[in-house]
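One structure is given here, and the rest of the page talks about it.
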Amino acid sequence: MSDYDIRKISVVAIVALVVVRLAIGWQLLYEGLWKFDTQKTASPWTAEPYLKAAQGPFRGYFRSLTGDPNDLRDLDYATVSNRWTTWAESFKNHYNLSDSQKRRLDEMVSGAKDYRVELAQLPPGVALEGSLGRILTFDPEQKRLILDGELHMTPREKQALLAQVNFTEGVDSVEDIQDPVVKEFVTQVQRLYERQSRLSYKEQALASLKGDPELAGIVDKNQAGTIDGERLGKLDIYKNRLNRYEQKLANAKTDFEFDHLEYDWKEIQQMRAELVSPIRQLESDMKWQAERLLSTEQLARGPIPSESSQQRNIDRQTMWALTIIGAMLMAGFLTRLAALAGAFLLMQFYLAMPPFPGYPEPPGTEHAVIVNKVFIEVLILAAFVFLPSGRWFGIDAVFSGLFQKKPADDHS
């Protein structure tokens with residue numbers, strides 16, 4: 001558009017167009033800043049729910065951006081274990097934990113290699129033999145009773161150990177023991193048993209994902225080939241329902257089929273929440289308990305930087321894009337480029353849940369076919385690509401004035 005074309009547009013129209021540009025710019029800028037601000041809270045914004053709920057012909061692409069659209073990584077013990085190990089190492093390095101703190105953290109997250117209590121000596125007649133000899137050792141130099149962290153101590157083994165000093169739990173009382181050596185021994189054995197009986201967070205996750213028959217299922221080799229040879233757990237049922245849903249969605253044609261699929265999807269999401277929530281709660285509890293190990297000086301270092309992930313990168317890109325594009329539209333800086341970038345960004349939002357005929361209707365109170373509010377904003381921004389609105393009001397006008405060629409003086 002040449003400099004003289006502006007005369008063909010009324011001043012009222014110019015003002016109206018600039019106001020529209022500023023309004024869209026403010027909306028994008030505020031959305032970006034708000035999303036950044038939530039990152040400091042306990043519930044930081046993420047595009048994950050929106051992407052996981054994507055519908056339409058590009059559903060698979062947008063869901064894949066999350067890296068794990070069905071939260072299957074949270075249901076795989078090896079993946080969960082590796083993630084928690086990585087987090088624990090980052091926690092140690094970020095807060096510069098002492099050796100004592102590192103040991104307690106490892107014991108809490110992964111389980112200790114061994115459990116130790118101070119014990120001056122073994123009472124006369126106590127022998128660590130048989131199964132007790134496999135799990136327990138006494139170090140007379142360090143004066144410690146040591147229990148193997150992988151084997152643990154069973155209630156029967158504890159009773160057998162205490163029986164060697166004629167002590168029976170539930171019948172005898174520690175306060176009634178007269179011999180100080182025996183009293184210390186009984187007290188420390190009970191303390192050792194209590195410590196080792198607390199499962200680490202990884203052990204709790206393992207018990208939940210693989211040890212619970214209701215979740216992991218049951219395989220009976222003795223009845224292989226029969227109806228009782230294998231019983232599916234909730235994890236397998238969830239995966240099977242996901243596969244069936246995707247197959248039905250690919251072949252759905254009628255409104256009735258889509259309505260049925262929508263109901264089916266809600267049930268699948270309820271299953272997902274039921275399966276994933278316990279693992280995420282364990283992870284939340286683990287991090288909260290780890291923070292209790294820290295001193296005031298260590299807490300002052302602030303939270304651990306968020307781990308890089310595919311979803312995290314998408315969130316950052318979205319927040320920065322909204323903020324930068326919104327600011328450029330507000331300032332009228334490189335306005336055409338900002339409008340083009342804004343139209344492209346909003347088009348991604350539109351295609352993730354397009355109101356296309358023959359697809360499930362996007363959630364919300366709005367009802368639309370093909371054209372919705374987001375698509376209208378895309379069209380408006382696309383129009384601004386061909387309008388010099390930055391020269392009407394904005395930084396572009398300043399640069400245009402600086403670099404515009406001045407007409408040569410006429411000396412004729």
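Residue names in the structure tokens use chain letters A, B, ... in the order shown, residue numbers from 1 in each chain, and ligand numbers from 1 in the order shown.
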Identify, on the basis of only C-alpha atoms, every residue whose closest approach to Ser197 of chain A does not exceed 10 Å; exclude the query and any residue fewer than 5 positions from it along the same chain; express the result as number ranges by chain. A: 152-155, 191-192
May I have all residues of segment 79-282 of chain A that DSSP, computed from the backbone, assigns to alpha helix (DSSP H), given as a ChimeraX atom specification? /A:79-95,99-109,131-135,155-163,180-197,201-206,213-216,234-251,255-282
Distance criterion (only C-alpha atoms): nearest to Trp320 of chain A out of A:Ile237, A:Leu345, A:Leu387, A:Ala112: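 Comparing A:Ile237, A:Leu345, A:Leu387, A:Ala112 against Trp320 of chain A, the winner is A:Leu345.
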Shell around Gly149 of chain A at 7 Å using only C-alpha atoms, local window under 4 positions removed, as a ChimeraX atom specification: /A:111-115
Keeping only N, CA and C atoms, take the residues you just selected and write them out as a short mmCIF file (atom, residue, chain, number, x, y, z; two decimals), in the first residue's frame.
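This is the output file part_5.cif:
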data_model
loop_
_atom_site.label_atom_id
_atom_site.label_comp_id
_atom_site.auth_asym_id
_atom_site.auth_seq_id
_atom_site.Cartn_x
_atom_site.Cartn_y
_atom_site.Cartn_z
N GLY A 111 15.19 -46.61 48.79
CA GLY A 111 15.42 -47.65 49.79
C GLY A 111 16.92 -47.75 50.04
N ALA A 112 17.29 -47.93 51.29
CA ALA A 112 18.70 -47.97 51.65
C ALA A 112 19.32 -49.31 51.27
N LYS A 113 20.62 -49.27 50.99
CA LYS A 113 21.34 -50.53 50.75
C LYS A 113 21.37 -51.34 52.03
N ASP A 114 21.41 -50.62 53.14
CA ASP A 114 21.32 -51.28 54.44
C ASP A 114 20.77 -50.30 55.46
N TYR A 115 20.26 -50.86 56.55
CA TYR A 115 19.73 -50.05 57.65
C TYR A 115 20.59 -50.32 58.88
#
Might you pull out every residue within 8 Å of Trp392 of chain A, with only C-alpha atoms counted and same-chain residues fewer than 4 positions away left off, and present them as a list of chain:residue names?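 Residues meeting the cut-off are A:Ile14, A:Val18, A:Pro388, A:Ala397.
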Using only C-alpha atoms, which of A:Leu145, A:Val109, A:Ala290, A:Ala252 sits nearest Tyr201 of chain A? A:Val109
Which polymer residues have any atom within 10 Å of an atom of Leu97 of chain A, counting only C-alpha atoms, with same-chain residues fewer than 4 positions away left out, as a VMD selection string? chain A and resid 91 to 93 101 to 103 105 293 to 295 298
May I have the residues from that selection written out with N, CA and C atoms, as a PDB file, in the first residue's frame?
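The new file result.pdb reads:
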ATOM      1  N   PHE A  91      18.077 -32.911  42.877  1.00  0.00           N
ATOM      2  CA  PHE A  91      17.789 -32.367  44.212  1.00  0.00           C
ATOM      3  C   PHE A  91      19.067 -32.267  45.025  1.00  0.00           C
ATOM      4  N   LYS A  92      19.894 -33.305  44.993  1.00  0.00           N
ATOM      5  CA  LYS A  92      21.156 -33.302  45.737  1.00  0.00           C
ATOM      6  C   LYS A  92      22.067 -32.179  45.268  1.00  0.00           C
ATOM      7  N   ASN A  93      22.200 -32.040  43.953  1.00  0.00           N
ATOM      8  CA  ASN A  93      23.125 -31.047  43.405  1.00  0.00           C
ATOM      9  C   ASN A  93      22.614 -29.625  43.617  1.00  0.00           C
ATOM     10  N   GLN A 101      22.286 -36.044  54.598  1.00  0.00           N
ATOM     11  CA  GLN A 101      21.050 -35.744  53.878  1.00  0.00           C
ATOM     12  C   GLN A 101      20.915 -36.620  52.631  1.00  0.00           C
ATOM     13  N   LYS A 102      22.033 -36.841  51.943  1.00  0.00           N
ATOM     14  CA  LYS A 102      21.998 -37.690  50.748  1.00  0.00           C
ATOM     15  C   LYS A 102      21.571 -39.102  51.112  1.00  0.00           C
ATOM     16  N   ARG A 103      22.102 -39.613  52.203  1.00  0.00           N
ATOM     17  CA  ARG A 103      21.756 -40.963  52.627  1.00  0.00           C
ATOM     18  C   ARG A 103      20.270 -41.070  52.971  1.00  0.00           C
ATOM     19  N   LEU A 105      17.877 -39.140  51.842  1.00  0.00           N
ATOM     20  CA  LEU A 105      17.098 -38.988  50.622  1.00  0.00           C
ATOM     21  C   LEU A 105      17.077 -40.293  49.829  1.00  0.00           C
ATOM     22  N   LEU A 293      13.926 -32.222  54.576  1.00  0.00           N
ATOM     23  CA  LEU A 293      15.314 -32.510  54.926  1.00  0.00           C
ATOM     24  C   LEU A 293      16.180 -31.256  54.886  1.00  0.00           C
ATOM     25  N   LEU A 294      15.676 -30.200  54.270  1.00  0.00           N
ATOM     26  CA  LEU A 294      16.502 -29.026  53.984  1.00  0.00           C
ATOM     27  C   LEU A 294      16.551 -28.053  55.150  1.00  0.00           C
ATOM     28  N   SER A 295      17.668 -27.368  55.223  1.00  0.00           N
ATOM     29  CA  SER A 295      17.811 -26.294  56.206  1.00  0.00           C
ATOM     30  C   SER A 295      17.236 -25.007  55.620  1.00  0.00           C
ATOM     31  N   GLN A 298      19.335 -23.789  52.756  1.00  0.00           N
ATOM     32  CA  GLN A 298      19.150 -24.559  51.530  1.00  0.00           C
ATOM     33  C   GLN A 298      17.833 -24.208  50.848  1.00  0.00           C
TER      34      GLN A 298
END
Neighbour list for segment 41-53 of chain A as a count of residues only, cut-off 9 Å, only C-alpha atoms, skip fewer than 2 positions in-chain: 24
Could you list, as a VMD selection string, every residue within 12 Å of Pro305 of chain A, counting only C-alpha atoms and ignoring same-chain residues fewer than 2 positions away? chain A and resid 39 to 40 87 90 to 91 93 to 95 301 to 303 307 to 308 312
Export of the given selection (C-alpha atoms) as an mmCIF file, in the first residue's frame:
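Dumped to again_32.cif:
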data_model
loop_
_atom_site.group_PDB
_atom_site.id
_atom_site.type_symbol
_atom_site.label_atom_id
_atom_site.label_comp_id
_atom_site.auth_asym_id
_atom_site.auth_seq_id
_atom_site.Cartn_x
_atom_site.Cartn_y
_atom_site.Cartn_z
ATOM 1 C CA GLN A 39 4.510 -20.802 36.806
ATOM 2 C CA LYS A 40 5.350 -19.480 40.292
ATOM 3 C CA TRP A 87 15.049 -35.962 40.144
ATOM 4 C CA SER A 90 19.105 -32.962 40.687
ATOM 5 C CA PHE A 91 17.789 -32.367 44.212
ATOM 6 C CA ASN A 93 23.125 -31.047 43.405
ATOM 7 C CA HIS A 94 20.751 -28.073 43.554
ATOM 8 C CA TYR A 95 20.656 -27.941 47.362
ATOM 9 C CA ARG A 301 18.092 -21.526 46.945
ATOM 10 C CA GLY A 302 14.570 -21.784 45.560
ATOM 11 C CA PRO A 303 12.909 -24.649 43.702
ATOM 12 C CA GLU A 307 13.134 -30.617 33.882
ATOM 13 C CA SER A 308 13.199 -30.211 30.124
ATOM 14 C CA ARG A 312 7.550 -28.247 28.870
#
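Distance annotation: of A:Gln159, A:Pro57, A:Glu194, A:Glu366, the residue with the minimal separation from Leu147 of chain A is A:Glu194; atom set is only C-alpha atoms.
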Could you state the separation of atom CA of Gly326 of chain A and atom CA of Ile9 of chain A in Å, given to one decimal place? 25.1 Å
Return the single residue from A:Gly394, A:Gly125, A:Pro278, A:Gly342 that is closest to Gln164 of chain A, with distances computed using only C-alpha atoms. A:Gly125
Please return as a PyMOL selection string: the residues of segment 3-238 of chain A that backbone DSSP assigns to strand (DSSP E or B). chain A and resi 114-118+136-139+144-148+169+172+218-219+230-231
Now that the selection is made, can you save its residues with N, CA and C atoms as a PDB file, in the first residue's frame?
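The resulting file, again27.pdb, is shown below:
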ATOM      1  N   ASP A 114      21.412 -50.618  53.143  1.00  0.00           N
ATOM      2  CA  ASP A 114      21.321 -51.282  54.440  1.00  0.00           C
ATOM      3  C   ASP A 114      20.771 -50.296  55.460  1.00  0.00           C
ATOM      4  N   TYR A 115      20.262 -50.857  56.546  1.00  0.00           N
ATOM      5  CA  TYR A 115      19.725 -50.047  57.650  1.00  0.00           C
ATOM      6  C   TYR A 115      20.594 -50.318  58.879  1.00  0.00           C
ATOM      7  N   ARG A 116      20.977 -49.257  59.582  1.00  0.00           N
ATOM      8  CA  ARG A 116      21.908 -49.390  60.693  1.00  0.00           C
ATOM      9  C   ARG A 116      21.380 -48.714  61.949  1.00  0.00           C
ATOM     10  N   VAL A 117      21.634 -49.362  63.069  1.00  0.00           N
ATOM     11  CA  VAL A 117      21.361 -48.759  64.375  1.00  0.00           C
ATOM     12  C   VAL A 117      22.579 -48.979  65.264  1.00  0.00           C
ATOM     13  N   GLU A 118      22.787 -48.032  66.169  1.00  0.00           N
ATOM     14  CA  GLU A 118      23.924 -48.158  67.085  1.00  0.00           C
ATOM     15  C   GLU A 118      23.621 -49.200  68.160  1.00  0.00           C
ATOM     16  N   LEU A 136      21.291 -60.009  58.686  1.00  0.00           N
ATOM     17  CA  LEU A 136      21.850 -59.176  59.756  1.00  0.00           C
ATOM     18  C   LEU A 136      23.338 -59.431  59.953  1.00  0.00           C
ATOM     19  N   THR A 137      24.050 -58.368  60.247  1.00  0.00           N
ATOM     20  CA  THR A 137      25.462 -58.458  60.667  1.00  0.00           C
ATOM     21  C   THR A 137      25.671 -57.471  61.804  1.00  0.00           C
ATOM     22  N   PHE A 138      26.634 -57.808  62.647  1.00  0.00           N
ATOM     23  CA  PHE A 138      26.986 -56.900  63.741  1.00  0.00           C
ATOM     24  C   PHE A 138      28.430 -56.485  63.569  1.00  0.00           C
ATOM     25  N   ASP A 139      28.668 -55.180  63.536  1.00  0.00           N
ATOM     26  CA  ASP A 139      30.018 -54.635  63.386  1.00  0.00           C
ATOM     27  C   ASP A 139      30.500 -54.173  64.753  1.00  0.00           C
ATOM     28  N   ARG A 144      27.576 -51.275  65.474  1.00  0.00           N
ATOM     29  CA  ARG A 144      26.325 -51.108  64.743  1.00  0.00           C
ATOM     30  C   ARG A 144      25.743 -52.467  64.368  1.00  0.00           C
ATOM     31  N   LEU A 145      24.431 -52.548  64.429  1.00  0.00           N
ATOM     32  CA  LEU A 145      23.697 -53.701  63.928  1.00  0.00           C
ATOM     33  C   LEU A 145      23.184 -53.309  62.549  1.00  0.00           C
ATOM     34  N   ILE A 146      23.534 -54.107  61.538  1.00  0.00           N
ATOM     35  CA  ILE A 146      23.283 -53.734  60.145  1.00  0.00           C
ATOM     36  C   ILE A 146      22.337 -54.738  59.501  1.00  0.00           C
ATOM     37  N   LEU A 147      21.292 -54.218  58.836  1.00  0.00           N
ATOM     38  CA  LEU A 147      20.302 -55.044  58.161  1.00  0.00           C
ATOM     39  C   LEU A 147      20.373 -54.805  56.658  1.00  0.00           C
ATOM     40  N   ASP A 148      20.394 -55.884  55.876  1.00  0.00           N
ATOM     41  CA  ASP A 148      20.430 -55.785  54.423  1.00  0.00           C
ATOM     42  C   ASP A 148      19.166 -55.081  53.926  1.00  0.00           C
ATOM     43  N   GLU A 169       7.101 -59.717  72.020  1.00  0.00           N
ATOM     44  CA  GLU A 169       6.319 -58.489  71.825  1.00  0.00           C
ATOM     45  C   GLU A 169       4.847 -58.755  72.077  1.00  0.00           C
ATOM     46  N   ASP A 172       5.679 -59.038  76.776  1.00  0.00           N
ATOM     47  CA  ASP A 172       6.680 -58.387  77.633  1.00  0.00           C
ATOM     48  C   ASP A 172       6.775 -56.901  77.315  1.00  0.00           C
ATOM     49  N   ILE A 218      -3.166 -61.084  36.841  1.00  0.00           N
ATOM     50  CA  ILE A 218      -2.610 -62.333  37.363  1.00  0.00           C
ATOM     51  C   ILE A 218      -2.353 -63.290  36.201  1.00  0.00           C
ATOM     52  N   VAL A 219      -1.175 -63.902  36.206  1.00  0.00           N
ATOM     53  CA  VAL A 219      -0.837 -64.931  35.231  1.00  0.00           C
ATOM     54  C   VAL A 219      -0.535 -66.214  35.998  1.00  0.00           C
ATOM     55  N   GLU A 230      -5.101 -66.462  32.838  1.00  0.00           N
ATOM     56  CA  GLU A 230      -4.687 -65.056  32.885  1.00  0.00           C
ATOM     57  C   GLU A 230      -5.888 -64.176  33.177  1.00  0.00           C
ATOM     58  N   ARG A 231      -5.733 -63.295  34.143  1.00  0.00           N
ATOM     59  CA  ARG A 231      -6.776 -62.328  34.454  1.00  0.00           C
ATOM     60  C   ARG A 231      -6.227 -60.929  34.257  1.00  0.00           C
TER      61      ARG A 231
END
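With atom CA of Val80 of chain A on one side and atom CA of Gly60 of chain A on the other, the separation reads 24.4 Å.
Nearest residue to Ile370 of chain A among A:Pro123, A:Gly332, A:Gly32, A:Gly56 is A:Gly56, counting only C-alpha atoms.
Of the residues listed (A:Arg21, A:Thr79, A:Leu402, A:Val165), A:Arg21 shows the shortest atom-to-atom separation from Val385 of chain A; distances use only C-alpha atoms.
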